[in-house]
Protein chains: 2
Amino acid sequence: MSQPGPSPALVFDTINAFQRTEALRAAIELDLFSHLVEGRRTAEQLGDACGASPRGTRILVDYLATLGFLDKHDNQYGLTPDAQVFLTRQSPAYMGQALEFLLTPQLRESFRLLPEAVRRGGTAVSDEGTVSHDNPVWVAFARGMAGLMQLPAKLLADLVGGDRQRPWRVLDVAAGHGMFGIAIAQQYPNARITALDWANVLAVAQENADRAGLASRFTQRPGSAFDIDWGGSYDLVLLTNFLHHFDLPTCETLAAKAFAALAPGGRAMTLEFIPNADRISPPGTAGFALVMLATTARGDAYTFAEYDALFTRAGFRRNEFHALPPTAQQAVVSFKE
Amino acid sequence: MSQPGPSPALVFDTINAFQRTEALRAAIELDLFSHLVEGRRTAEQLGDACGASPRGTRILVDYLATLGFLDKHDNQYGLTPDAQVFLTRQSPAYMGQALEFLLTPQLRESFRLLPEAVRRGGTAVSDEGTVSHDNPVWVAFARGMAGLMQLPAKLLADLVGGDRQRPWRVLDVAAGHGMFGIAIAQQYPNARITALDWANVLAVAQENADRAGLASRFTQRPGSAFDIDWGGSYDLVLLTNFLHHFDLPTCETLAAKAFAALAPGGRAMTLEFIPNADRISPPGTAGFALVMLATTARGDAYTFAEYDALFTRAGFRRNEFHALPPTAQQAVVSFKE
């Protein structure tokens, strides 16, 4: 066979990619996937359950099948494993509410202004973008992303290791929903979590801690991570999905603050999108840099070499890289000594 | 190895898919790909040529590399064959101007309202959507899509066959940019094209015909395909990217009008998105139904069985299906006798 020539398929697929976003959003808004769990199998049955027309439902579910969220046989639809786990309300890993954060009007607007962001080298929405003081987007974030963060939070907690009974003192910086500290508290029954974030965001983390039965081991430390004293003598300082919002000197300042807050033998644990040195792989990881360009002034997806260098300059003796499959994220564990 | 468990990757990829659209739009708006042809290779050089910051350019080109439009080696970027052919102004198949049609604000809005379109079974934007009378979107369409339609137009013209000198009388219904008729006129030096569309759209087709040196063999027939007389004794009636806007009874009315306008031995040639009977493959073809749900009251991507039935009911003796690789479109050739 001859080599296939150039094809417009990828270009069309990319231009039309926004349709995928909208189709999945529509399906989640209509709670279509949950109705499949309840035994509806045809477009007519599903439309009926969703309060939608048979025709509209049929076209939508066929489209979702082309994307890989549904199987279709003899005009009966079924959930793929990914859809079953992440898109049905009946699942503990349901991520429908994450759309509120992942598709906020601000985020859409920041991508609409992407050409200008490329020109100026940072978000075109405002000077500070999403990292502005008390930006309400972080309450939406804390509320929406908690379910979705259960998996990475568990994988990060798995990196802690050691004695299950040890009374870890954990500082969760920019805690948001609080899930990363909570996951450690769940694995270590004597661990105590201090969650640092703006007060309006911490209210959400507190709810999550209360719900997990961890109220007695959960302390709030309200304020900006840049302005307030972090306290001290922690065994673990968590920097999860935080450093990517800032430039490298700012990251180094935060790393130094983590170093100072750690007890001897303590560790900073950073969860991030950390692409390979080529900055284009893995695609789902490397692509996160674009979100930072669109929504922040100076944020980025840094490589391990960059994190290694900045944590070393901040005083840490040694830094370990950990992939966290099947998530698109990675961790850096930085040892104080 | 054990089977991989469910992964959030596809869900994230789909939620974030709109970012691909915006990244490609930004790159085309900045004319980034064309500057690569001109020998710029690094993010700095490209940013300089585009009037964009090195940082913003670096993040954008890395993202485009993750999508498969650029290669990257040693921080030097190069065009992939698809990008070279379809995304650089220097290429005759450049499709940058198609964005004006493929990403109109109306189209974006219709997808924003997709949940409501699913509920009601048709576009939520207006009663008629894009097929309303003299909708200016079709002038944007005619201007934007001409370049992109060169390939399918040539492939459709290849299906005509027969004597190169034959004086084909061709009616191009809802001609838009006119490229389908023009492609036949280019292959058959004695063919005469009658282009039918709203007058404001035909002005664009006339420009394209003039530019191709075909003015003497190109006639305008302005008006709505539903309202005006199509004339008669044509050898070929072209129905390209037209029937998908309507329900099947309306398609049948148009097929009957084509049948009546054809001379004995004539053929209707329909270019469409024609999915397999499962309606979910090929994905790029089947997925077009969602565009019709979002933007029209009753349009769809019909199967060959549906086209075969309606053209047969309209009087045609026999219908042939033709795939048109590498495009996502297909053709039906309907024989009057």
# chains A, B, ... in the order shown; residues from 1 in each chain; ligands from 1
$ residues_around --residues "Gly39 of chain A" --least-positions-apart "5" --cutoff "12 Å" --atoms "only C-alpha atoms" --output "list in words"
Leu32, Phe33, Ser34, Gln45, Leu46, Ala49, Gln76, Tyr77, Gly78 and Leu79 of chain A
$ write_last_selection --atoms "N, CA and C atoms" --output "PDB file, in the first residue's frame"
ATOM      1  N   LEU A  32     -27.726  12.056  31.599  1.00  0.00           N
ATOM      2  CA  LEU A  32     -27.969  10.925  30.701  1.00  0.00           C
ATOM      3  C   LEU A  32     -27.299   9.642  31.178  1.00  0.00           C
ATOM      4  N   PHE A  33     -26.062   9.757  31.638  1.00  0.00           N
ATOM      5  CA  PHE A  33     -25.308   8.553  32.003  1.00  0.00           C
ATOM      6  C   PHE A  33     -25.938   7.858  33.207  1.00  0.00           C
ATOM      7  N   SER A  34     -26.399   8.662  34.170  1.00  0.00           N
ATOM      8  CA  SER A  34     -27.021   8.070  35.358  1.00  0.00           C
ATOM      9  C   SER A  34     -28.267   7.290  34.972  1.00  0.00           C
ATOM     10  N   GLN A  45     -36.161   5.546  25.515  1.00  0.00           N
ATOM     11  CA  GLN A  45     -36.218   5.402  26.975  1.00  0.00           C
ATOM     12  C   GLN A  45     -35.370   6.476  27.661  1.00  0.00           C
ATOM     13  N   LEU A  46     -34.188   6.713  27.104  1.00  0.00           N
ATOM     14  CA  LEU A  46     -33.296   7.691  27.723  1.00  0.00           C
ATOM     15  C   LEU A  46     -33.867   9.098  27.600  1.00  0.00           C
ATOM     16  N   ALA A  49     -36.541   9.580  30.119  1.00  0.00           N
ATOM     17  CA  ALA A  49     -36.016   9.761  31.482  1.00  0.00           C
ATOM     18  C   ALA A  49     -35.391  11.144  31.667  1.00  0.00           C
ATOM     19  N   GLN A  76     -29.351  -0.376  21.155  1.00  0.00           N
ATOM     20  CA  GLN A  76     -29.329  -0.333  22.620  1.00  0.00           C
ATOM     21  C   GLN A  76     -27.966   0.231  23.032  1.00  0.00           C
ATOM     22  N   TYR A  77     -28.000   1.121  24.000  1.00  0.00           N
ATOM     23  CA  TYR A  77     -26.771   1.766  24.435  1.00  0.00           C
ATOM     24  C   TYR A  77     -26.345   1.250  25.806  1.00  0.00           C
ATOM     25  N   GLY A  78     -25.042   1.214  26.029  1.00  0.00           N
ATOM     26  CA  GLY A  78     -24.507   0.817  27.324  1.00  0.00           C
ATOM     27  C   GLY A  78     -23.315   1.675  27.686  1.00  0.00           C
ATOM     28  N   LEU A  79     -23.022   1.782  28.976  1.00  0.00           N
ATOM     29  CA  LEU A  79     -21.913   2.608  29.445  1.00  0.00           C
ATOM     30  C   LEU A  79     -20.585   1.891  29.248  1.00  0.00           C
TER      31      LEU A  79
END
$ residues_around --residues "Gln330 of chain B" --least-positions-apart "5" --cutoff "6 Å" --atoms "only C-alpha atoms" --output "PyMOL selection string"
chain B and resi 271-274+322-324
$ write_last_selection --atoms "all heavy atoms" --output "CSV table (one decimal), in the first residue's frame"
chain,number,residue,atom,x,y,z
B,271,LEU,N,-23.5,14.9,-2.4
B,271,LEU,CA,-22.3,14.8,-1.5
B,271,LEU,C,-22.8,15.1,-0.1
B,271,LEU,O,-23.5,16.1,0.2
B,271,LEU,CB,-21.3,15.9,-1.9
B,271,LEU,CG,-20.0,15.8,-1.0
B,271,LEU,CD1,-18.9,15.0,-1.7
B,271,LEU,CD2,-19.6,17.1,-0.5
B,272,GLU,N,-22.5,14.2,0.8
B,272,GLU,CA,-23.0,14.3,2.2
B,272,GLU,C,-22.1,13.6,3.2
B,272,GLU,O,-21.1,13.0,2.9
B,272,GLU,CB,-24.4,13.5,2.2
B,272,GLU,CG,-25.5,14.4,1.8
B,272,GLU,CD,-25.7,15.6,2.8
B,272,GLU,OE1,-25.1,15.6,3.9
B,272,GLU,OE2,-26.3,16.6,2.4
B,273,PHE,N,-22.5,13.8,4.5
B,273,PHE,CA,-22.0,13.0,5.6
B,273,PHE,C,-22.9,11.8,5.7
B,273,PHE,O,-24.0,11.9,6.2
B,273,PHE,CB,-21.9,13.8,6.8
B,273,PHE,CG,-20.9,14.9,6.8
B,273,PHE,CD1,-21.3,16.2,6.4
B,273,PHE,CD2,-19.6,14.8,7.2
B,273,PHE,CE1,-20.4,17.2,6.3
B,273,PHE,CE2,-18.7,15.8,7.2
B,273,PHE,CZ,-19.1,17.1,6.8
B,274,ILE,N,-22.4,10.6,5.3
B,274,ILE,CA,-23.3,9.4,5.2
B,274,ILE,C,-22.7,8.3,6.1
B,274,ILE,O,-21.8,7.6,5.7
B,274,ILE,CB,-23.5,8.9,3.8
B,274,ILE,CG1,-24.0,10.1,2.9
B,274,ILE,CG2,-24.5,7.7,3.8
B,274,ILE,CD1,-24.1,9.7,1.4
B,322,HIS,N,-20.6,6.0,-2.8
B,322,HIS,CA,-19.2,6.1,-3.0
B,322,HIS,C,-18.5,6.8,-1.7
B,322,HIS,O,-18.9,7.9,-1.4
B,322,HIS,CB,-18.9,7.0,-4.2
B,322,HIS,CG,-19.3,6.4,-5.5
B,322,HIS,ND1,-18.5,5.6,-6.3
B,322,HIS,CD2,-20.5,6.5,-6.1
B,322,HIS,CE1,-19.2,5.2,-7.3
B,322,HIS,NE2,-20.4,5.7,-7.3
B,323,ALA,N,-17.6,6.1,-1.1
B,323,ALA,CA,-16.7,6.8,-0.1
B,323,ALA,C,-15.8,7.7,-0.9
B,323,ALA,O,-15.4,7.5,-2.0
B,323,ALA,CB,-16.0,5.8,0.7
B,324,LEU,N,-15.4,8.8,-0.2
B,324,LEU,CA,-14.5,9.8,-0.9
B,324,LEU,C,-13.2,10.0,0.0
B,324,LEU,O,-13.0,11.2,0.5
B,324,LEU,CB,-15.2,11.1,-1.1
B,324,LEU,CG,-16.4,11.0,-2.1
B,324,LEU,CD1,-17.1,12.4,-2.2
B,324,LEU,CD2,-16.0,10.5,-3.5
$ residues_around --residues "Arg120 of chain A" --least-positions-apart "6" --cutoff "10 Å" --atoms "only C-alpha atoms" --output "list in words"
Leu114, Leu293 and Ala297 of chain A; Gly51, Ala52, Ser53, Pro54, Arg55, Gly56 and Thr57 of chain B
$ write_last_selection --atoms "all heavy atoms" --output "mmCIF file, in the first residue's frame"
data_model
loop_
_atom_site.group_PDB
_atom_site.id
_atom_site.type_symbol
_atom_site.label_atom_id
_atom_site.label_comp_id
_atom_site.auth_asym_id
_atom_site.auth_seq_id
_atom_site.Cartn_x
_atom_site.Cartn_y
_atom_site.Cartn_z
ATOM 1 N N LEU A 114 -7.349 33.785 23.769
ATOM 2 C CA LEU A 114 -6.041 33.138 23.688
ATOM 3 C C LEU A 114 -5.058 33.829 22.740
ATOM 4 O O LEU A 114 -3.873 33.965 23.092
ATOM 5 C CB LEU A 114 -6.215 31.665 23.309
ATOM 6 C CG LEU A 114 -4.949 30.802 23.348
ATOM 7 C CD1 LEU A 114 -4.336 30.779 24.746
ATOM 8 C CD2 LEU A 114 -5.258 29.372 22.889
ATOM 9 N N LEU A 293 -1.230 29.536 30.452
ATOM 10 C CA LEU A 293 -1.064 30.716 29.603
ATOM 11 C C LEU A 293 -2.374 31.494 29.514
ATOM 12 O O LEU A 293 -2.398 32.719 29.625
ATOM 13 C CB LEU A 293 -0.610 30.310 28.196
ATOM 14 C CG LEU A 293 -0.529 31.457 27.179
ATOM 15 C CD1 LEU A 293 0.523 32.484 27.589
ATOM 16 C CD2 LEU A 293 -0.237 30.918 25.776
ATOM 17 N N ALA A 297 -0.942 34.957 34.791
ATOM 18 C CA ALA A 297 0.045 35.892 34.246
ATOM 19 C C ALA A 297 1.359 35.189 33.915
ATOM 20 O O ALA A 297 1.994 35.472 32.895
ATOM 21 C CB ALA A 297 0.299 37.023 35.237
ATOM 22 N N GLY B 51 4.472 38.811 16.130
ATOM 23 C CA GLY B 51 4.191 39.891 17.067
ATOM 24 C C GLY B 51 3.702 39.369 18.397
ATOM 25 O O GLY B 51 2.840 39.969 19.052
ATOM 26 N N ALA B 52 4.241 38.230 18.813
ATOM 27 C CA ALA B 52 3.792 37.609 20.064
ATOM 28 C C ALA B 52 4.981 37.377 20.981
ATOM 29 O O ALA B 52 6.134 37.317 20.544
ATOM 30 C CB ALA B 52 3.085 36.290 19.771
ATOM 31 N N SER B 53 4.688 37.221 22.253
ATOM 32 C CA SER B 53 5.735 37.025 23.253
ATOM 33 C C SER B 53 6.391 35.654 23.050
ATOM 34 O O SER B 53 5.745 34.703 22.623
ATOM 35 C CB SER B 53 5.116 37.068 24.646
ATOM 36 O OG SER B 53 4.277 35.934 24.813
ATOM 37 N N PRO B 54 7.684 35.542 23.383
ATOM 38 C CA PRO B 54 8.352 34.228 23.281
ATOM 39 C C PRO B 54 7.667 33.192 24.168
ATOM 40 O O PRO B 54 7.499 32.039 23.763
ATOM 41 C CB PRO B 54 9.774 34.501 23.782
ATOM 42 C CG PRO B 54 9.960 35.972 23.697
ATOM 43 C CD PRO B 54 8.604 36.596 23.827
ATOM 44 N N ARG B 55 7.256 33.615 25.375
ATOM 45 C CA ARG B 55 6.656 32.679 26.308
ATOM 46 C C ARG B 55 5.311 32.158 25.797
ATOM 47 O O ARG B 55 5.042 30.962 25.784
ATOM 48 C CB ARG B 55 6.479 33.362 27.667
ATOM 49 C CG ARG B 55 5.783 32.502 28.684
ATOM 50 C CD ARG B 55 5.801 33.165 30.050
ATOM 51 N NE ARG B 55 5.112 32.292 30.973
ATOM 52 C CZ ARG B 55 3.797 32.290 31.148
ATOM 53 N NH1 ARG B 55 3.052 33.133 30.478
ATOM 54 N NH2 ARG B 55 3.252 31.443 31.991
ATOM 55 N N GLY B 56 4.449 33.086 25.376
ATOM 56 C CA GLY B 56 3.150 32.683 24.857
ATOM 57 C C GLY B 56 3.301 31.808 23.623
ATOM 58 O O GLY B 56 2.601 30.796 23.458
ATOM 59 N N THR B 57 4.245 32.181 22.762
ATOM 60 C CA THR B 57 4.460 31.401 21.539
ATOM 61 C C THR B 57 4.974 30.012 21.877
ATOM 62 O O THR B 57 4.513 29.010 21.319
ATOM 63 C CB THR B 57 5.456 32.127 20.618
ATOM 64 O OG1 THR B 57 5.004 33.468 20.420
ATOM 65 C CG2 THR B 57 5.557 31.423 19.275
#
$ residues_around --residues "segment 181-196 of chain A" --least-positions-apart "3" --cutoff "8 Å" --atoms "only C-alpha atoms" --output "count of residues only"
33
$ select_by_dssp --residues "segment 190-221 of chain B" --states "helix (DSSP H, G or I)" --output "PyMOL selection string"
chain B and resi 199-211+215-217
$ interface_residues --of "chain B" --to "chain A" --cutoff "6 Å" --atoms "only C-alpha atoms" --output "list in words"
Pro6, Ser7, Thr14, Ile15, Ala17, Phe18, Arg20, Thr21, Ala26, Ala52, Ser53, Arg55, Gly56, Thr57, Asp62, Tyr63, Thr66, Pro81, Asp82, Pro115, Val118, Arg119, Arg120, Gly121, Ile280, Pro283, Gly287 and Pro326 of chain B
$ write_last_selection --atoms "N, CA and C atoms" --output "PDB file, in the first residue's frame"
ATOM      1  N   PRO B   6     -10.424   1.699  34.735  1.00  0.00           N
ATOM      2  CA  PRO B   6     -10.983   2.930  34.171  1.00  0.00           C
ATOM      3  C   PRO B   6     -10.038   4.098  34.411  1.00  0.00           C
ATOM      4  N   SER B   7      -9.995   4.997  33.469  1.00  0.00           N
ATOM      5  CA  SER B   7      -9.101   6.148  33.561  1.00  0.00           C
ATOM      6  C   SER B   7      -9.899   7.421  33.324  1.00  0.00           C
ATOM      7  N   THR B  14     -12.064  15.153  26.857  1.00  0.00           N
ATOM      8  CA  THR B  14     -13.294  15.629  26.220  1.00  0.00           C
ATOM      9  C   THR B  14     -13.749  16.955  26.824  1.00  0.00           C
ATOM     10  N   ILE B  15     -13.700  17.068  28.138  1.00  0.00           N
ATOM     11  CA  ILE B  15     -14.072  18.335  28.772  1.00  0.00           C
ATOM     12  C   ILE B  15     -13.176  19.462  28.263  1.00  0.00           C
ATOM     13  N   ALA B  17     -11.624  19.562  25.436  1.00  0.00           N
ATOM     14  CA  ALA B  17     -11.464  19.551  23.973  1.00  0.00           C
ATOM     15  C   ALA B  17     -11.583  20.942  23.363  1.00  0.00           C
ATOM     16  N   PHE B  18     -12.415  21.801  23.972  1.00  0.00           N
ATOM     17  CA  PHE B  18     -12.567  23.158  23.419  1.00  0.00           C
ATOM     18  C   PHE B  18     -11.235  23.902  23.366  1.00  0.00           C
ATOM     19  N   ARG B  20      -8.474  22.734  22.316  1.00  0.00           N
ATOM     20  CA  ARG B  20      -7.842  22.433  21.021  1.00  0.00           C
ATOM     21  C   ARG B  20      -8.351  23.379  19.956  1.00  0.00           C
ATOM     22  N   THR B  21      -9.669  23.553  19.951  1.00  0.00           N
ATOM     23  CA  THR B  21     -10.277  24.477  18.993  1.00  0.00           C
ATOM     24  C   THR B  21      -9.656  25.864  19.132  1.00  0.00           C
ATOM     25  N   ALA B  26      -6.212  30.292  17.499  1.00  0.00           N
ATOM     26  CA  ALA B  26      -5.206  31.302  17.852  1.00  0.00           C
ATOM     27  C   ALA B  26      -4.018  31.219  16.900  1.00  0.00           C
ATOM     28  N   ALA B  52       4.241  38.230  18.813  1.00  0.00           N
ATOM     29  CA  ALA B  52       3.792  37.609  20.064  1.00  0.00           C
ATOM     30  C   ALA B  52       4.981  37.377  20.981  1.00  0.00           C
ATOM     31  N   SER B  53       4.688  37.221  22.253  1.00  0.00           N
ATOM     32  CA  SER B  53       5.735  37.025  23.253  1.00  0.00           C
ATOM     33  C   SER B  53       6.391  35.654  23.050  1.00  0.00           C
ATOM     34  N   ARG B  55       7.256  33.615  25.375  1.00  0.00           N
ATOM     35  CA  ARG B  55       6.656  32.679  26.308  1.00  0.00           C
ATOM     36  C   ARG B  55       5.311  32.158  25.797  1.00  0.00           C
ATOM     37  N   GLY B  56       4.449  33.086  25.376  1.00  0.00           N
ATOM     38  CA  GLY B  56       3.150  32.683  24.857  1.00  0.00           C
ATOM     39  C   GLY B  56       3.301  31.808  23.623  1.00  0.00           C
ATOM     40  N   THR B  57       4.245  32.181  22.762  1.00  0.00           N
ATOM     41  CA  THR B  57       4.460  31.401  21.539  1.00  0.00           C
ATOM     42  C   THR B  57       4.974  30.012  21.877  1.00  0.00           C
ATOM     43  N   ASP B  62       4.187  24.359  21.616  1.00  0.00           N
ATOM     44  CA  ASP B  62       4.278  23.054  22.289  1.00  0.00           C
ATOM     45  C   ASP B  62       2.918  22.359  22.286  1.00  0.00           C
ATOM     46  N   TYR B  63       1.874  23.126  22.558  1.00  0.00           N
ATOM     47  CA  TYR B  63       0.534  22.542  22.558  1.00  0.00           C
ATOM     48  C   TYR B  63       0.182  22.023  21.167  1.00  0.00           C
ATOM     49  N   THR B  66       1.696  18.768  20.665  1.00  0.00           N
ATOM     50  CA  THR B  66       0.979  17.652  21.311  1.00  0.00           C
ATOM     51  C   THR B  66      -0.221  17.231  20.461  1.00  0.00           C
ATOM     52  N   PRO B  81       3.016  17.194   7.712  1.00  0.00           N
ATOM     53  CA  PRO B  81       2.425  17.314   6.364  1.00  0.00           C
ATOM     54  C   PRO B  81       1.010  17.892   6.387  1.00  0.00           C
ATOM     55  N   ASP B  82       0.173  17.482   7.335  1.00  0.00           N
ATOM     56  CA  ASP B  82      -1.189  18.028   7.409  1.00  0.00           C
ATOM     57  C   ASP B  82      -1.164  19.547   7.584  1.00  0.00           C
ATOM     58  N   PRO B 115     -27.928  21.491  25.294  1.00  0.00           N
ATOM     59  CA  PRO B 115     -28.884  20.756  26.138  1.00  0.00           C
ATOM     60  C   PRO B 115     -30.333  21.041  25.740  1.00  0.00           C
ATOM     61  N   VAL B 118     -31.213  19.239  22.562  1.00  0.00           N
ATOM     62  CA  VAL B 118     -31.498  17.812  22.806  1.00  0.00           C
ATOM     63  C   VAL B 118     -32.920  17.683  23.350  1.00  0.00           C
ATOM     64  N   ARG B 119     -33.287  18.568  24.260  1.00  0.00           N
ATOM     65  CA  ARG B 119     -34.634  18.503  24.824  1.00  0.00           C
ATOM     66  C   ARG B 119     -35.695  18.655  23.746  1.00  0.00           C
ATOM     67  N   ARG B 120     -35.537  19.674  22.906  1.00  0.00           N
ATOM     68  CA  ARG B 120     -36.608  19.928  21.936  1.00  0.00           C
ATOM     69  C   ARG B 120     -36.427  19.166  20.626  1.00  0.00           C
ATOM     70  N   GLY B 121     -35.255  18.578  20.407  1.00  0.00           N
ATOM     71  CA  GLY B 121     -35.055  17.786  19.190  1.00  0.00           C
ATOM     72  C   GLY B 121     -34.698  18.598  17.973  1.00  0.00           C
ATOM     73  N   ILE B 280     -22.744   5.386  14.065  1.00  0.00           N
ATOM     74  CA  ILE B 280     -21.644   5.839  14.937  1.00  0.00           C
ATOM     75  C   ILE B 280     -20.288   5.652  14.261  1.00  0.00           C
ATOM     76  N   PRO B 283     -16.397   7.824  12.775  1.00  0.00           N
ATOM     77  CA  PRO B 283     -16.728   8.850  13.775  1.00  0.00           C
ATOM     78  C   PRO B 283     -16.852  10.267  13.199  1.00  0.00           C
ATOM     79  N   GLY B 287     -20.480  11.908  13.467  1.00  0.00           N
ATOM     80  CA  GLY B 287     -20.550  13.012  14.410  1.00  0.00           C
ATOM     81  C   GLY B 287     -21.192  14.256  13.837  1.00  0.00           C
ATOM     82  N   PRO B 326      -9.530  10.965   1.172  1.00  0.00           N
ATOM     83  CA  PRO B 326      -9.414  10.992   2.638  1.00  0.00           C
ATOM     84  C   PRO B 326     -10.413  11.913   3.309  1.00  0.00           C
TER      85      PRO B 326
END
$ closest_residue --among "B:Val125, B:Ile228, B:Ala305, B:Ala314" --to "Thr250 of chain B" --atoms "only C-alpha atoms"
B:Ala314
$ atom_distance --atom1 "atom CA of Pro136 of chain B" --atom2 "atom CA of Phe180 of chain B"
20.7 Å
$ select_by_dssp --residues "segment 66-166 of chain A" --states "strand (DSSP E or B)" --output "list of chain:residue names"
A:Leu70, A:Asp71, A:Lys72, A:His73, A:Gln76, A:Tyr77, A:Gly78, A:Leu79, A:Gly129
$ residues_around --residues "Leu262 of chain B" --least-positions-apart "2" --cutoff "9 Å" --atoms "only C-alpha atoms" --output "JSON list (two decimals) with N, CA, C and O atoms, in the first residue's frame"
[["chain", "number", "residue", "atom", "x", "y", "z"],
["B", 232, "GLY", "N", -34.61, 22.88, -16.69],
["B", 232, "GLY", "CA", -34.69, 21.46, -17.04],
["B", 232, "GLY", "C", -33.63, 20.99, -18.00],
["B", 232, "GLY", "O", -32.74, 21.75, -18.42],
["B", 233, "SER", "N", -33.74, 19.71, -18.28],
["B", 233, "SER", "CA", -32.87, 19.00, -19.21],
["B", 233, "SER", "C", -31.39, 19.06, -18.84],
["B", 233, "SER", "O", -30.53, 19.23, -19.70],
["B", 234, "TYR", "N", -31.13, 18.93, -17.53],
["B", 234, "TYR", "CA", -29.74, 18.85, -17.09],
["B", 234, "TYR", "C", -29.25, 17.39, -17.20],
["B", 234, "TYR", "O", -30.04, 16.45, -17.06],
["B", 235, "ASP", "N", -27.96, 17.24, -17.40],
["B", 235, "ASP", "CA", -27.35, 15.91, -17.36],
["B", 235, "ASP", "C", -26.97, 15.53, -15.93],
["B", 235, "ASP", "O", -26.97, 14.36, -15.57],
["B", 236, "LEU", "N", -26.62, 16.55, -15.15],
["B", 236, "LEU", "CA", -26.22, 16.32, -13.75],
["B", 236, "LEU", "C", -26.88, 17.36, -12.87],
["B", 236, "LEU", "O", -26.87, 18.55, -13.20],
["B", 237, "VAL", "N", -27.45, 16.91, -11.77],
["B", 237, "VAL", "CA", -27.91, 17.84, -10.74],
["B", 237, "VAL", "C", -27.09, 17.55, -9.48],
["B", 237, "VAL", "O", -27.08, 16.42, -8.99],
["B", 257, "LYS", "N", -37.57, 17.09, -7.24],
["B", 257, "LYS", "CA", -37.31, 18.27, -8.06],
["B", 257, "LYS", "C", -36.07, 18.02, -8.95],
["B", 257, "LYS", "O", -36.03, 18.44, -10.11],
["B", 258, "ALA", "N", -35.09, 17.33, -8.38],
["B", 258, "ALA", "CA", -33.90, 16.98, -9.17],
["B", 258, "ALA", "C", -34.28, 16.02, -10.29],
["B", 258, "ALA", "O", -33.84, 16.18, -11.44],
["B", 259, "PHE", "N", -35.10, 15.03, -9.95],
["B", 259, "PHE", "CA", -35.53, 14.05, -10.95],
["B", 259, "PHE", "C", -36.21, 14.76, -12.12],
["B", 259, "PHE", "O", -35.92, 14.50, -13.30],
["B", 260, "ALA", "N", -37.11, 15.70, -11.80],
["B", 260, "ALA", "CA", -37.86, 16.41, -12.84],
["B", 260, "ALA", "C", -36.96, 17.29, -13.70],
["B", 260, "ALA", "O", -37.22, 17.50, -14.88],
["B", 264, "PRO", "N", -33.38, 12.68, -19.75],
["B", 264, "PRO", "CA", -33.27, 11.22, -19.73],
["B", 264, "PRO", "C", -31.79, 10.81, -19.66],
["B", 264, "PRO", "O", -30.94, 11.43, -20.31],
["B", 265, "GLY", "N", -31.51, 9.82, -18.84],
["B", 265, "GLY", "CA", -30.11, 9.39, -18.68],
["B", 265, "GLY", "C", -29.33, 10.23, -17.70],
["B", 265, "GLY", "O", -28.15, 9.98, -17.45],
["B", 266, "GLY", "N", -29.99, 11.25, -17.11],
["B", 266, "GLY", "CA", -29.28, 12.15, -16.19],
["B", 266, "GLY", "C", -29.07, 11.52, -14.81],
["B", 266, "GLY", "O", -29.63, 10.48, -14.49],
["B", 267, "ARG", "N", -28.24, 12.20, -14.03],
["B", 267, "ARG", "CA", -27.90, 11.70, -12.70],
["B", 267, "ARG", "C", -27.95, 12.83, -11.67],
["B", 267, "ARG", "O", -27.51, 13.94, -11.96],
["B", 268, "ALA", "N", -28.43, 12.50, -10.48],
["B", 268, "ALA", "CA", -28.25, 13.40, -9.33],
["B", 268, "ALA", "C", -27.01, 12.93, -8.58],
["B", 268, "ALA", "O", -26.80, 11.74, -8.39],
["B", 336, "LYS", "N", -31.31, 8.41, -13.21],
["B", 336, "LYS", "CA", -32.72, 8.61, -13.60],
["B", 336, "LYS", "C", -33.25, 7.37, -14.30],
["B", 336, "LYS", "O", -34.41, 7.01, -14.13]]
$ residues_around --residues "Ala256 of chain A" --least-positions-apart "6" --cutoff "9 Å" --atoms "only C-alpha atoms" --output "ChimeraX atom specification"
/A:311,313-316
$ write_last_selection --atoms "N, CA, C and O atoms" --output "PDB file, in the first residue's frame"
ATOM      1  N   PHE A 311      13.687  23.488  44.098  1.00  0.00           N
ATOM      2  CA  PHE A 311      13.623  22.946  45.457  1.00  0.00           C
ATOM      3  C   PHE A 311      15.031  22.816  46.047  1.00  0.00           C
ATOM      4  O   PHE A 311      15.221  23.000  47.251  1.00  0.00           O
ATOM      5  N   ARG A 313      17.562  24.826  45.318  1.00  0.00           N
ATOM      6  CA  ARG A 313      17.942  26.186  45.704  1.00  0.00           C
ATOM      7  C   ARG A 313      17.240  26.613  46.988  1.00  0.00           C
ATOM      8  O   ARG A 313      17.785  27.392  47.780  1.00  0.00           O
ATOM      9  N   ALA A 314      16.021  26.087  47.205  1.00  0.00           N
ATOM     10  CA  ALA A 314      15.271  26.432  48.418  1.00  0.00           C
ATOM     11  C   ALA A 314      15.795  25.693  49.644  1.00  0.00           C
ATOM     12  O   ALA A 314      15.297  25.911  50.755  1.00  0.00           O
ATOM     13  N   GLY A 315      16.767  24.804  49.456  1.00  0.00           N
ATOM     14  CA  GLY A 315      17.397  24.158  50.605  1.00  0.00           C
ATOM     15  C   GLY A 315      17.208  22.655  50.682  1.00  0.00           C
ATOM     16  O   GLY A 315      17.866  21.991  51.487  1.00  0.00           O
ATOM     17  N   PHE A 316      16.300  22.113  49.892  1.00  0.00           N
ATOM     18  CA  PHE A 316      16.039  20.670  49.979  1.00  0.00           C
ATOM     19  C   PHE A 316      17.254  19.895  49.477  1.00  0.00           C
ATOM     20  O   PHE A 316      17.938  20.308  48.538  1.00  0.00           O
TER      21      PHE A 316
END
